[in-house]
Every structure is written in structure tokens, then in C-alpha cells.
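**Student:** I have a structure here, written as C-alpha cells, and I will follow up with some questions on it.
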Amino acid sequence: MQRIASLEERNRELETLAEHLKSNVEELAALVYVDALTGLVNRRGFDAAVESELRRAARTGYPLALLLCDIDCFKHCNDTHGHSHGDSVLVRLAALLKDFCKREGDCAARYGGEEFALLLPGVACKDSVRIAEQLRKSVAALSIAHAHSQSYAQVTISIGATSVHGSPLFLRRHLVEAADAALYRAKRAGRNRTKYQAVSSTGRRDRD
Ligand code: GH3
Ligand code: MG
Ligand code: MG
């Protein structure tokens, strides 16, 4: 009798341990998608979000916009004010980007070092540029010191915007390449601006 009671007790302990283990595994799995510095979704999480939203766009026919944002002359910012100031700039911009996630499915991600991505389901061309400009102006309005920036006294970002209308033909690559090309044009044109590049499976169209 005593042996049965002790086995039951042991069983309960093992069940509790298994529950802890399961929740730890779930927490770890979630962390795989989180950027440690900013708390935003990381590149891996962003890739998963884009895949999922492209599938949803193809199902529903709704548009999907992507803004790629890159801090202007950030190397100079680090060189002038130090790496920890640079880190705090990244944290502040990440918080701002989070504020731009207003609807279900909106996703702000740290795409790479000083690059961020904003994925906006249901947003088409014109609105993507309008939101990008709001974001760009909000960053400038933070007035974060950036003494060595080429022409600006404060931290600024350049944005490459793109959007697709739901179609099974669009791949993550199509979306990212168009946004990246637009971002490149924004940098070439002098930074602290937004450029839009449409993406289609048949060809590309620029809009200045
Ligand atoms: P551009 O306007 O052409 O984008 O110029 P840039 O200086 O921003 O671009 P560049 O690629 O030359 O430099 C990116 C800098 O971003 C260099 C790197 O030290 C910094 N950076 C990347 N990740 C981090 C980070 O986690 N923390 C800090 N403080 N700096 C970072
Ligand atoms: Mg960059
Ligand atoms: Mg940069």
C-alpha cells in the first residue's frame, strides 16, 4: 500500500516536471524569433511572418506592404557617440516601429544590424508611402543626436517601400528585392527619404 502511494507521489512529481519542461521548451521556441536587443521579431521571425502574410494575401486578395528602413550613416553615429549610444538608438527606433503596428498581422522586425522592417497587411501602394513618410518624420522628430551625419543633425532613416496585391505568384524574394531596390534608391537620392518600388511577377515599375 505504502509502495503504491509512493509511486503515485512520484508520478505526480514527474507530471509537474513534464509540464515545466513543456513550458520551458515553448518559451525557448518563442525566443528563437526574438531579437535580444530590441525585443522585436528577428530576421527568422520576419521571414516566417512574410511567408504567412503572403499566403493570406493570396487567399484574401488583400494587398500587403513592406517597408525596409535603414538608419542613415549609423556607423558615424557609433563612431561619434559610442556603441552603447548606438544600441540605445536601435532600442528607441524599435519602440517607435512597434507603435506603427496597429492592426492584427502588422509586424515590426529587426531585419539586420541597423535595418528594420515593417510588414503591413491590407496596405497598398499609396498608403505604404504615406505610412513610410509618417515613420520617417517620427524618427527625425525624436531628435536623437547624430553629430557626424552627412547633412543632418539628428538620426534619420531611409525607407524602401513596396506592396503586392494578393496573388500566389508572389514570393518573399519578390517583396524583399523590391523594397531593397527602393531603399537603395532612397540612399542614392540623398538619404532621409522614402522611395517606392512596385513588384509584380511580370516586371517592375518605379515611382519617384
Ligand atoms: P548608410 O546611410 O549608407 O546606411 O550608412 P551606415 O553607416 O548606416 O551603413 P554601414 O553599413 O556602413 O554601417 C552600419 C553600421 O551599423 C555599422 C555597425 O557598427 C552598426 N551596427 C550594426 N548593428 C549594430 C548594433 O547592434 N549596435 C550598434 N551600436 N551598432 C550596430
Ligand atoms: Mg544597412
Ligand atoms: Mg545604415
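We label chains A, B, ... in the order they appear in the C-alpha cells, count residues from 1 in each chain, and number ligands from 1 in the order shown.
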Distance limit 9 Å, reference ligand 1, atoms considered: only C-alpha atoms and all ligand atoms. Which residues make the cut? Give them as an NGL selection string.
**Tutor:** :A and (37 or 70-79 or 82-90 or 112-115 or 149-150 or 156-158 or 184 or 187-188 or 191-192)
**Student:** Could the residues in this selection be saved with N, CA and C atoms as an mmCIF file, in the first residue's frame?
**Tutor:**
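Written output follows (selection.cif):
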```
data_model
loop_
_atom_site.group_PDB
_atom_site.id
_atom_site.type_symbol
_atom_site.label_atom_id
_atom_site.label_comp_id
_atom_site.auth_asym_id
_atom_site.auth_seq_id
_atom_site.Cartn_x
_atom_site.Cartn_y
_atom_site.Cartn_z
ATOM 1 N N LEU A 37 18.296 42.515 -28.346
ATOM 2 C CA LEU A 37 18.498 43.929 -28.000
ATOM 3 C C LEU A 37 17.188 44.720 -27.997
ATOM 4 N N ASP A 70 16.403 51.797 -43.025
ATOM 5 C CA ASP A 70 17.831 51.695 -42.674
ATOM 6 C C ASP A 70 18.287 53.029 -42.097
ATOM 7 N N ILE A 71 18.939 52.960 -40.924
ATOM 8 C CA ILE A 71 19.411 54.200 -40.290
ATOM 9 C C ILE A 71 20.516 54.812 -41.151
ATOM 10 N N ASP A 72 20.417 56.123 -41.342
ATOM 11 C CA ASP A 72 21.398 56.815 -42.181
ATOM 12 C C ASP A 72 22.699 57.029 -41.423
ATOM 13 N N CYS A 73 23.798 56.702 -42.099
ATOM 14 C CA CYS A 73 25.158 56.961 -41.581
ATOM 15 C C CYS A 73 25.307 56.524 -40.123
ATOM 16 N N PHE A 74 24.811 55.337 -39.819
ATOM 17 C CA PHE A 74 24.810 54.872 -38.433
ATOM 18 C C PHE A 74 26.225 54.575 -37.935
ATOM 19 N N LYS A 75 27.090 54.236 -38.850
ATOM 20 C CA LYS A 75 28.483 53.955 -38.458
ATOM 21 C C LYS A 75 29.086 55.203 -37.812
ATOM 22 N N HIS A 76 28.804 56.373 -38.408
ATOM 23 C CA HIS A 76 29.308 57.633 -37.847
ATOM 24 C C HIS A 76 28.707 57.889 -36.467
ATOM 25 N N CYS A 77 27.437 57.528 -36.319
ATOM 26 C CA CYS A 77 26.752 57.721 -35.036
ATOM 27 C C CYS A 77 27.479 56.909 -33.955
ATOM 28 N N ASN A 78 27.791 55.649 -34.278
ATOM 29 C CA ASN A 78 28.538 54.804 -33.336
ATOM 30 C C ASN A 78 29.915 55.386 -33.069
ATOM 31 N N ASP A 79 30.577 55.813 -34.146
ATOM 32 C CA ASP A 79 31.947 56.319 -34.010
ATOM 33 C C ASP A 79 31.977 57.580 -33.150
ATOM 34 N N GLY A 82 29.639 56.441 -29.499
ATOM 35 C CA GLY A 82 29.908 55.156 -28.853
ATOM 36 C C GLY A 82 28.848 54.112 -29.179
ATOM 37 N N HIS A 83 29.268 52.863 -29.040
ATOM 38 C CA HIS A 83 28.407 51.743 -29.426
ATOM 39 C C HIS A 83 27.169 51.635 -28.533
ATOM 40 N N SER A 84 27.321 52.000 -27.246
ATOM 41 C CA SER A 84 26.152 51.839 -26.365
ATOM 42 C C SER A 84 25.090 52.896 -26.694
ATOM 43 N N HIS A 85 25.541 54.090 -27.116
ATOM 44 C CA HIS A 85 24.562 55.081 -27.595
ATOM 45 C C HIS A 85 23.875 54.515 -28.840
ATOM 46 N N GLY A 86 24.693 53.915 -29.734
ATOM 47 C CA GLY A 86 24.122 53.293 -30.937
ATOM 48 C C GLY A 86 23.060 52.269 -30.574
ATOM 49 N N ASP A 87 23.369 51.443 -29.570
ATOM 50 C CA ASP A 87 22.397 50.434 -29.127
ATOM 51 C C ASP A 87 21.108 51.090 -28.630
ATOM 52 N N SER A 88 21.259 52.190 -27.897
ATOM 53 C CA SER A 88 20.044 52.833 -27.357
ATOM 54 C C SER A 88 19.224 53.464 -28.489
ATOM 55 N N VAL A 89 19.913 53.912 -29.557
ATOM 56 C CA VAL A 89 19.179 54.419 -30.726
ATOM 57 C C VAL A 89 18.343 53.295 -31.329
ATOM 58 N N LEU A 90 18.948 52.112 -31.451
ATOM 59 C CA LEU A 90 18.221 50.966 -32.019
ATOM 60 C C LEU A 90 16.991 50.632 -31.177
ATOM 61 N N GLY A 112 18.178 43.377 -39.741
ATOM 62 C CA GLY A 112 19.623 43.146 -39.667
ATOM 63 C C GLY A 112 20.191 44.198 -38.754
ATOM 64 N N GLY A 113 21.486 44.364 -38.690
ATOM 65 C CA GLY A 113 22.149 45.321 -37.800
ATOM 66 C C GLY A 113 21.358 46.584 -37.525
ATOM 67 N N GLU A 114 21.341 47.530 -38.481
ATOM 68 C CA GLU A 114 20.639 48.809 -38.286
ATOM 69 C C GLU A 114 19.508 48.952 -39.292
ATOM 70 N N GLU A 115 18.984 47.805 -39.674
ATOM 71 C CA GLU A 115 17.855 47.777 -40.607
ATOM 72 C C GLU A 115 16.626 47.180 -39.934
ATOM 73 N N SER A 149 26.494 62.970 -38.909
ATOM 74 C CA SER A 149 25.665 62.609 -40.059
ATOM 75 C C SER A 149 26.000 63.538 -41.219
ATOM 76 N N GLN A 150 25.879 63.034 -42.424
ATOM 77 C CA GLN A 150 26.317 63.815 -43.594
ATOM 78 C C GLN A 150 25.707 65.208 -43.622
ATOM 79 N N THR A 156 18.375 59.939 -38.737
ATOM 80 C CA THR A 156 17.315 59.824 -39.741
ATOM 81 C C THR A 156 17.347 58.406 -40.328
ATOM 82 N N ILE A 157 16.266 58.071 -40.998
ATOM 83 C CA ILE A 157 16.235 56.779 -41.695
ATOM 84 C C ILE A 157 15.835 56.980 -43.153
ATOM 85 N N SER A 158 16.285 56.046 -43.975
ATOM 86 C CA SER A 158 15.809 55.967 -45.357
ATOM 87 C C SER A 158 14.891 54.752 -45.435
ATOM 88 N N TYR A 184 17.688 51.283 -51.728
ATOM 89 C CA TYR A 184 18.949 51.658 -52.384
ATOM 90 C C TYR A 184 18.787 53.002 -53.093
ATOM 91 N N LYS A 187 18.732 55.872 -50.616
ATOM 92 C CA LYS A 187 20.095 56.213 -50.162
ATOM 93 C C LYS A 187 20.811 57.027 -51.245
ATOM 94 N N ARG A 188 20.719 56.549 -52.470
ATOM 95 C CA ARG A 188 21.409 57.220 -53.587
ATOM 96 C C ARG A 188 20.895 58.637 -53.792
ATOM 97 N N ARG A 191 19.442 60.114 -48.929
ATOM 98 C CA ARG A 191 19.044 59.623 -47.596
ATOM 99 C C ARG A 191 17.894 60.443 -47.010
ATOM 100 N N ASN A 192 17.418 60.016 -45.822
ATOM 101 C CA ASN A 192 16.290 60.656 -45.135
ATOM 102 C C ASN A 192 15.112 60.879 -46.084
#
```
**Student:** As a ChimeraX atom specification, please: the residues near Gln134 in chain A (cut-off 12 Å, only C-alpha atoms, same-chain neighbours under 6 positions excluded).
**Tutor:** /A:67,96-97,99-100,127-128,140-141,157,159,193-194
**Student:** Looking at A:Tyr196, A:Tyr33, A:Tyr111, A:Phe170, which one is nearest to ligand 3, with distances taken over only C-alpha atoms and all ligand atoms?
**Tutor:**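 Closest to ligand 3, using only C-alpha atoms and all ligand atoms: A:Tyr111.
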**Student:** Could you check how far CA of Val164 in chain A sits from CA of Asn42 in chain A, in Å to one decimal?
**Tutor:**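 Straight-line distance from CA of Val164 in chain A to CA of Asn42 in chain A works out to 22.3 Å.
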**Student:** Select from range 103-205 of chain A everything DSSP, run on the backbone, classes as alpha helix (DSSP H), then give the selection as an mmCIF file with N, CA, C and O atoms, in the first residue's frame.
**Tutor:**
```cif
data_model
loop_
_atom_site.group_PDB
_atom_site.id
_atom_site.type_symbol
_atom_site.label_atom_id
_atom_site.label_comp_id
_atom_site.auth_asym_id
_atom_site.auth_seq_id
_atom_site.Cartn_x
_atom_site.Cartn_y
_atom_site.Cartn_z
ATOM 1 N N CYS A 125 -0.076 50.469 -52.259
ATOM 2 C CA CYS A 125 0.973 51.418 -52.670
ATOM 3 C C CYS A 125 0.928 52.781 -51.994
ATOM 4 O O CYS A 125 1.833 53.159 -51.256
ATOM 5 N N LYS A 126 -0.145 53.547 -52.261
ATOM 6 C CA LYS A 126 -0.208 54.937 -51.778
ATOM 7 C C LYS A 126 -0.091 54.998 -50.258
ATOM 8 O O LYS A 126 0.624 55.834 -49.710
ATOM 9 N N ASP A 127 -0.834 54.122 -49.588
ATOM 10 C CA ASP A 127 -0.820 54.146 -48.122
ATOM 11 C C ASP A 127 0.529 53.702 -47.568
ATOM 12 O O ASP A 127 0.947 54.178 -46.512
ATOM 13 N N SER A 128 1.200 52.812 -48.284
ATOM 14 C CA SER A 128 2.520 52.371 -47.796
ATOM 15 C C SER A 128 3.486 53.558 -47.798
ATOM 16 O O SER A 128 4.277 53.720 -46.872
ATOM 17 N N VAL A 129 3.402 54.400 -48.817
ATOM 18 C CA VAL A 129 4.281 55.579 -48.896
ATOM 19 C C VAL A 129 3.880 56.600 -47.825
ATOM 20 O O VAL A 129 4.738 57.194 -47.165
ATOM 21 N N ARG A 130 2.580 56.749 -47.606
ATOM 22 C CA ARG A 130 2.107 57.693 -46.583
ATOM 23 C C ARG A 130 2.583 57.244 -45.191
ATOM 24 O O ARG A 130 3.124 58.052 -44.427
ATOM 25 N N ILE A 131 2.447 55.959 -44.901
ATOM 26 C CA ILE A 131 2.879 55.455 -43.592
ATOM 27 C C ILE A 131 4.402 55.551 -43.460
ATOM 28 O O ILE A 131 4.926 55.933 -42.414
ATOM 29 N N ALA A 132 5.099 55.245 -44.554
ATOM 30 C CA ALA A 132 6.571 55.332 -44.521
ATOM 31 C C ALA A 132 7.006 56.760 -44.199
ATOM 32 O O ALA A 132 7.915 56.980 -43.394
ATOM 33 N N GLU A 133 6.334 57.726 -44.810
ATOM 34 C CA GLU A 133 6.699 59.131 -44.558
ATOM 35 C C GLU A 133 6.385 59.534 -43.121
ATOM 36 O O GLU A 133 7.139 60.273 -42.492
ATOM 37 N N GLN A 134 5.267 59.027 -42.600
ATOM 38 C CA GLN A 134 4.938 59.289 -41.175
ATOM 39 C C GLN A 134 6.044 58.743 -40.278
ATOM 40 O O GLN A 134 6.500 59.406 -39.354
ATOM 41 N N LEU A 135 6.476 57.524 -40.588
ATOM 42 C CA LEU A 135 7.518 56.870 -39.786
ATOM 43 C C LEU A 135 8.830 57.651 -39.892
ATOM 44 O O LEU A 135 9.489 57.931 -38.884
ATOM 45 N N ARG A 136 9.198 57.989 -41.103
ATOM 46 C CA ARG A 136 10.458 58.714 -41.326
ATOM 47 C C ARG A 136 10.453 60.040 -40.550
ATOM 48 O O ARG A 136 11.428 60.381 -39.874
ATOM 49 N N LYS A 137 9.349 60.767 -40.613
ATOM 50 C CA LYS A 137 9.256 62.060 -39.910
ATOM 51 C C LYS A 137 9.263 61.852 -38.389
ATOM 52 O O LYS A 137 9.818 62.660 -37.653
ATOM 53 N N SER A 138 8.632 60.769 -37.944
ATOM 54 C CA SER A 138 8.615 60.492 -36.499
ATOM 55 C C SER A 138 10.021 60.206 -35.979
ATOM 56 O O SER A 138 10.356 60.591 -34.860
ATOM 57 N N VAL A 139 10.813 59.518 -36.796
ATOM 58 C CA VAL A 139 12.200 59.237 -36.382
ATOM 59 C C VAL A 139 12.976 60.544 -36.280
ATOM 60 O O VAL A 139 13.664 60.804 -35.283
ATOM 61 N N ALA A 140 12.853 61.400 -37.283
ATOM 62 C CA ALA A 140 13.567 62.693 -37.258
ATOM 63 C C ALA A 140 13.108 63.519 -36.052
ATOM 64 O O ALA A 140 13.914 64.200 -35.410
ATOM 65 N N ALA A 141 11.807 63.416 -35.740
ATOM 66 C CA ALA A 141 11.243 64.220 -34.641
ATOM 67 C C ALA A 141 11.763 63.759 -33.266
ATOM 68 O O ALA A 141 11.653 64.503 -32.290
ATOM 69 N N ARG A 172 8.428 35.629 -51.211
ATOM 70 C CA ARG A 172 9.096 36.526 -50.262
ATOM 71 C C ARG A 172 10.213 37.295 -50.968
ATOM 72 O O ARG A 172 10.404 38.483 -50.764
ATOM 73 N N ARG A 173 10.931 36.592 -51.815
ATOM 74 C CA ARG A 173 12.038 37.196 -52.556
ATOM 75 C C ARG A 173 11.560 38.404 -53.381
ATOM 76 O O ARG A 173 12.224 39.438 -53.433
ATOM 77 N N HIS A 174 10.392 38.280 -54.045
ATOM 78 C CA HIS A 174 9.876 39.389 -54.850
ATOM 79 C C HIS A 174 9.698 40.639 -54.001
ATOM 80 O O HIS A 174 10.073 41.747 -54.384
ATOM 81 N N LEU A 175 9.095 40.431 -52.831
ATOM 82 C CA LEU A 175 8.768 41.555 -51.946
ATOM 83 C C LEU A 175 10.047 42.211 -51.410
ATOM 84 O O LEU A 175 10.210 43.442 -51.466
ATOM 85 N N VAL A 176 10.945 41.386 -50.911
ATOM 86 C CA VAL A 176 12.163 41.912 -50.276
ATOM 87 C C VAL A 176 13.058 42.586 -51.320
ATOM 88 O O VAL A 176 13.622 43.660 -51.067
ATOM 89 N N GLU A 177 13.168 41.991 -52.488
ATOM 90 C CA GLU A 177 14.036 42.589 -53.521
ATOM 91 C C GLU A 177 13.526 43.957 -53.952
ATOM 92 O O GLU A 177 14.304 44.890 -54.156
ATOM 93 N N ALA A 178 12.210 44.089 -54.091
ATOM 94 C CA ALA A 178 11.649 45.387 -54.500
ATOM 95 C C ALA A 178 11.870 46.435 -53.419
ATOM 96 O O ALA A 178 12.273 47.573 -53.705
ATOM 97 N N ALA A 179 11.636 46.071 -52.163
ATOM 98 C CA ALA A 179 11.843 47.023 -51.054
ATOM 99 C C ALA A 179 13.313 47.402 -50.953
ATOM 100 O O ALA A 179 13.663 48.562 -50.707
ATOM 101 N N ASP A 180 14.176 46.433 -51.149
ATOM 102 C CA ASP A 180 15.614 46.660 -51.067
ATOM 103 C C ASP A 180 16.061 47.601 -52.191
ATOM 104 O O ASP A 180 16.877 48.507 -51.974
ATOM 105 N N ALA A 181 15.525 47.395 -53.387
ATOM 106 C CA ALA A 181 15.879 48.265 -54.519
ATOM 107 C C ALA A 181 15.400 49.688 -54.250
ATOM 108 O O ALA A 181 16.098 50.668 -54.546
ATOM 109 N N ALA A 182 14.206 49.824 -53.676
ATOM 110 C CA ALA A 182 13.672 51.152 -53.344
ATOM 111 C C ALA A 182 14.539 51.821 -52.280
ATOM 112 O O ALA A 182 14.835 53.021 -52.361
ATOM 113 N N LEU A 183 14.966 51.027 -51.297
ATOM 114 C CA LEU A 183 15.831 51.567 -50.237
ATOM 115 C C LEU A 183 17.151 52.046 -50.821
ATOM 116 O O LEU A 183 17.657 53.123 -50.470
ATOM 117 N N TYR A 184 17.688 51.283 -51.728
ATOM 118 C CA TYR A 184 18.949 51.658 -52.384
ATOM 119 C C TYR A 184 18.787 53.002 -53.093
ATOM 120 O O TYR A 184 19.646 53.886 -53.012
ATOM 121 N N ARG A 185 17.646 53.179 -53.751
ATOM 122 C CA ARG A 185 17.391 54.446 -54.464
ATOM 123 C C ARG A 185 17.244 55.598 -53.470
ATOM 124 O O ARG A 185 17.680 56.723 -53.736
ATOM 125 N N ALA A 186 16.621 55.323 -52.329
ATOM 126 C CA ALA A 186 16.461 56.373 -51.302
ATOM 127 C C ALA A 186 17.830 56.826 -50.790
ATOM 128 O O ALA A 186 18.070 58.016 -50.570
ATOM 129 N N LYS A 187 18.732 55.872 -50.616
ATOM 130 C CA LYS A 187 20.095 56.213 -50.162
ATOM 131 C C LYS A 187 20.811 57.027 -51.245
ATOM 132 O O LYS A 187 21.425 58.057 -50.963
ATOM 133 N N ARG A 188 20.719 56.549 -52.470
ATOM 134 C CA ARG A 188 21.409 57.220 -53.587
ATOM 135 C C ARG A 188 20.895 58.637 -53.792
ATOM 136 O O ARG A 188 21.624 59.532 -54.211
#
```
**Student:** Could you tell me which of A:Val155, A:Cys101, A:Leu142, A:Leu68 comes closest to ligand 2 if we count only C-alpha atoms and all ligand atoms?
**Tutor:**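 Using only C-alpha atoms and all ligand atoms, ligand 2 sits closest to A:Leu68.
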**Student:** Taking only C-alpha atoms and all ligand atoms into account, which of A:Ala36, A:Phe116, A:Leu31, A:Leu54 comes nearest ligand 3?
**Tutor:**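 Ranked by minimum distance to ligand 3, first place goes to A:Phe116.
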